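Structure record follows, encoded as structure tokens.
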Amino acid sequence: MSPAIAVAVYYGLIPLAVITVSWLIVRRDYGTRPEAD
Amino acid sequence: MFAAGVIASFVLYLVIGAVVGRKVKTRSDYYVAGRNAPTLLVAGTLVASFLSTVSFMGELGFSYDGFPVVMLILTALNISGYVLGVLAFGRYLRRSEALTVPEFFGRRFDSPGLQAVAGLMVVAGIGLYLVAVTQGLSLVVAQLLDVPEWSALVIVWAAYTVFTLMSGTKGVMINDTIMFGIFMIAGVVGMSWIIGEAGGPGAAVAAMTAIESKPDALTWHGVTGPGAYMGSPTEVLVWALTLGVVWATVVAVSPWQSSRYLMARNEHVCLRSGFVAMGAVGVLYVFLTLGGFAINIFNPDIRPSEIAFIWAAQNVLPTALGVVAVTGIVAAGLSSAAAFLSLIGFSAAHDVLPWLTRRRGTPVDDASALRTSRIAMLGAGVVVLLITFWSPPAVLTIGYFAATLFAAAWGPVAIWCIRSARLSTRAAMAGMIAGFGTVAVLNGLVEFGGLDLPVWADPVLIGFTASIVATWLGGLGRQPAPAGVRFREKILHTPAEDRRPRELRTTRTVAMGTAGVFAVTLVALVAVYAVPVTQQLGIGR
């Protein structure tokens with residue numbers, strides 16, 4: 001892989017990884033119904 | 001035509017201020033827009049407060065100088081701070097129902113003194129950032145209206161000061177969102193046009209790699225040769241990754257970003273705004289960086305490089321689009337300036353003055369509090385005007401200096417105070433002061449005293465370390481304040497109204513939409529940047 005392609009992939013994959021991890025946290029923290037308390 | 005565009009932005013700006021300002025009645029209206037803002041307004045103000053002349057002039061000029069890909073490497077980390085920041089700090093800040101970020105710290109540590117110190121940092125740090133933005137704006141307005149820089153400075157300053165005094169946060173948010181639309185169009189369409197004028201992406205890449213005065217600018221390390229003022233390739237990469245993390249911290253905890261969550265209608269609005277801001281800034285920077293360097297195809301000798309986009313708007317873009325582009329730059333600067341001045345005024349009136357005058361805890365009616373805030377804003381505005389008048393122009397340098405102060409001073413304490421119950425008031429005070437002081441002194445010595453530090457010892461990295469060490473040392477032998485511990489327990493509880501399945505589904509749609517935006521960006525970057533560059537320069541570069 002050329003460095004230019006590596007940079008392009010990096011620019012897309014870093015945010016995708018962050019969004020995935022963040023979504024898992026959001027689902028954990030906000031995914032329980034209020035009546036479950 | 002260009003002058004008309006600038007004047008139109010000023011008029012629009014003041015009309016919004018006057019109309020919205022008539023509805024401001026309470027401190028909650030003025031400081032946090034009644035805590036009722038939807039995703040569009042919160043995302044709009046997040047992006048508009050972040051993007052300013054530092055982006056459209058300083059960072060675009062940096063790309064024009066030969067570092068567009070370096071800027072992208074930095075940006076990928078920077079934008080991650082939006083989503084990670086709202087999860088680590090922003091949502092807790094909103095739950096606290098504070099009016100300002102320093103008030104949050106004051107309540108978390110049960111200390112009006114800490115609130116005042118954090119407030120003083122807001123006044124000094126954002127004041128400095130406002131100097132950078134004001135400098136950039138007066139440079140643009142002087143160039144476009146063909147007036148001396150001092151008179152452009154007075155015009156710009158008067159416009160944002162009058163607007164902010166009148167409108168408060170709601171006006172800032174509405175104005176920010178409109179300006180956000182204008183400068184997104186300016187950045188994306190303007191830069192696309194420049195690439196199109198150069199013959200399309202393939203021809204533009206061929207032309208850019210052939211620019212003799214800026215060789216290797218499209219590689220991961222940026223320009224080599226006499227223009228390589230950032231150092232060796234390794235130093236450039238370390239700088240980009242370091243500043244990327246620093247800017248991620250800035251968007252996560254800085255007062256002009258995190259305070260936007262205080263205005264959100266609920267926590268899902270905070271989360272969605274974080275995703276939208278991440279996507280919008282991520283896409284815009286692809287255009288600003290690569291398009292910014294493409295301006296070299298038409299003129300590689302624009303000085304100072306900060307005015308590269310303005311030069312392109314006047315000389316490359318068709319007049320109508322050029323006017324939109326210039327209006328977008330002015331819009332970005334004005335919206336940030338208003339947000340900054342309002343934060344300075346709020347902190348001076350709400351966090352610092354009550355402590356200085358020892359009137360803390362005394363109830364103050366809304367009319368009197370609004371009057372104090374406006375007087376504080378006017379006073380701070382006059383100081384900023386005088387400093388801008390006498391300081392030499394350095395939009396990017398001063399902007400980065402001021403922004404990184406908050407990363408070191410507030411970053412570690414903000415995250416730590418949510419994660420741990422054991423942090424004492426003295427620990428937080430020590431961490432904040434050590435981070436702020438270290439970055440201020442070292443950056444001052446680097447910029448004005450001739451100090452030369454290696455790239456791995458960037459002042460902000462030393463400031464981060466100093467803040468963490470001081471927080472740890474400051475906490476030795478001290479117990480946390482009981483009221484602060486109770487406050488933390490309260491904000492750790494997710495409110496029932498934010499756990500409705502319908503809200504979560506909408507947030508999921510926004511998260512997936514943002515993921516889709518980055519998947520498309522990845523494919524587009526490979527197709528229009530990476531493959532043509534590899535064909536031009538060879539597989540090894």
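Naming scheme: A, B, ... for chains in displayed order of the structure tokens; residues 1 onward per chain; ligands 1 onward as shown.
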
Residues of chain B within 9 Å of chain A, counting only C-alpha atoms, as a VMD selection string: chain B and resid 69 72 to 73 75 to 77 79 to 80 83 to 84 87 218 to 220 271 275 278 to 279 282 494 to 501 504 507 to 508 511 to 512 514 to 516 518 to 526 529 to 531 533 to 534 538 to 541

Exercise: region 479-487 of chain B partners within 7 Å, only C-alpha atoms, chain neighbours under 2 positions left out, as a VMD selection string: chain B and resid 107 to 110 421 to 425 477 489 to 491

Long-range neighbours of region 446-459 of chain B as a PyMOL selection string, 8 Å cut-off, only C-alpha atoms, 5 positions minimum in chain: chain B and resi 235+238-239+438-439

Output file for the selection above: N, CA, C and O atoms, as a PDB file, in the first residue's frame:
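File written: result-v1.pdb
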```pdb
ATOM      1  N   GLU B 235       9.379  14.569  12.302  1.00  0.00           N
ATOM      2  CA  GLU B 235       8.939  15.664  13.178  1.00  0.00           C
ATOM      3  C   GLU B 235       7.547  16.154  12.778  1.00  0.00           C
ATOM      4  O   GLU B 235       6.707  16.449  13.624  1.00  0.00           O
ATOM      5  N   VAL B 238       4.964  13.551  13.962  1.00  0.00           N
ATOM      6  CA  VAL B 238       4.775  13.607  15.421  1.00  0.00           C
ATOM      7  C   VAL B 238       3.966  14.853  15.777  1.00  0.00           C
ATOM      8  O   VAL B 238       3.040  14.805  16.599  1.00  0.00           O
ATOM      9  N   TRP B 239       4.272  15.976  15.126  1.00  0.00           N
ATOM     10  CA  TRP B 239       3.541  17.220  15.375  1.00  0.00           C
ATOM     11  C   TRP B 239       2.047  17.037  15.059  1.00  0.00           C
ATOM     12  O   TRP B 239       1.172  17.420  15.846  1.00  0.00           O
ATOM     13  N   THR B 438       2.026  26.308  32.624  1.00  0.00           N
ATOM     14  CA  THR B 438       3.127  25.695  31.866  1.00  0.00           C
ATOM     15  C   THR B 438       2.999  26.009  30.380  1.00  0.00           C
ATOM     16  O   THR B 438       3.972  26.414  29.728  1.00  0.00           O
ATOM     17  N   VAL B 439       1.802  25.827  29.829  1.00  0.00           N
ATOM     18  CA  VAL B 439       1.624  26.087  28.392  1.00  0.00           C
ATOM     19  C   VAL B 439       1.816  27.574  28.088  1.00  0.00           C
ATOM     20  O   VAL B 439       2.476  27.932  27.107  1.00  0.00           O
TER      21      VAL B 439
END
```

Those in region 336-527 of chain B with helix (DSSP H, G or I) from DSSP, as a count of residues only: 155

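For region 293-309 of chain B, the non-local neighbours within 7 Å, defined as residues at least 4 positions apart in the same chain or in other chains and counting only C-alpha atoms, are Met57, Gly58, Leu60, Gly61, Ser63, Tyr64, Asp65, Gly66, Pro68, Ile195, Ala207, Met208, Thr289 and Ala313 of chain B.
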
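Picture a line from CA of Thr100 (chain B) to CA of Leu262 (chain B); it runs 8.0 Å.
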
CA of Met429 (chain B) to CA of Ser467 (chain B), straight-line distance in Å: 9.7 Å

Polymer residues at most 12 Å from Met432 (chain B), only C-alpha atoms, same-chain spacing of 4 or more positions, as a count of residues only: 42
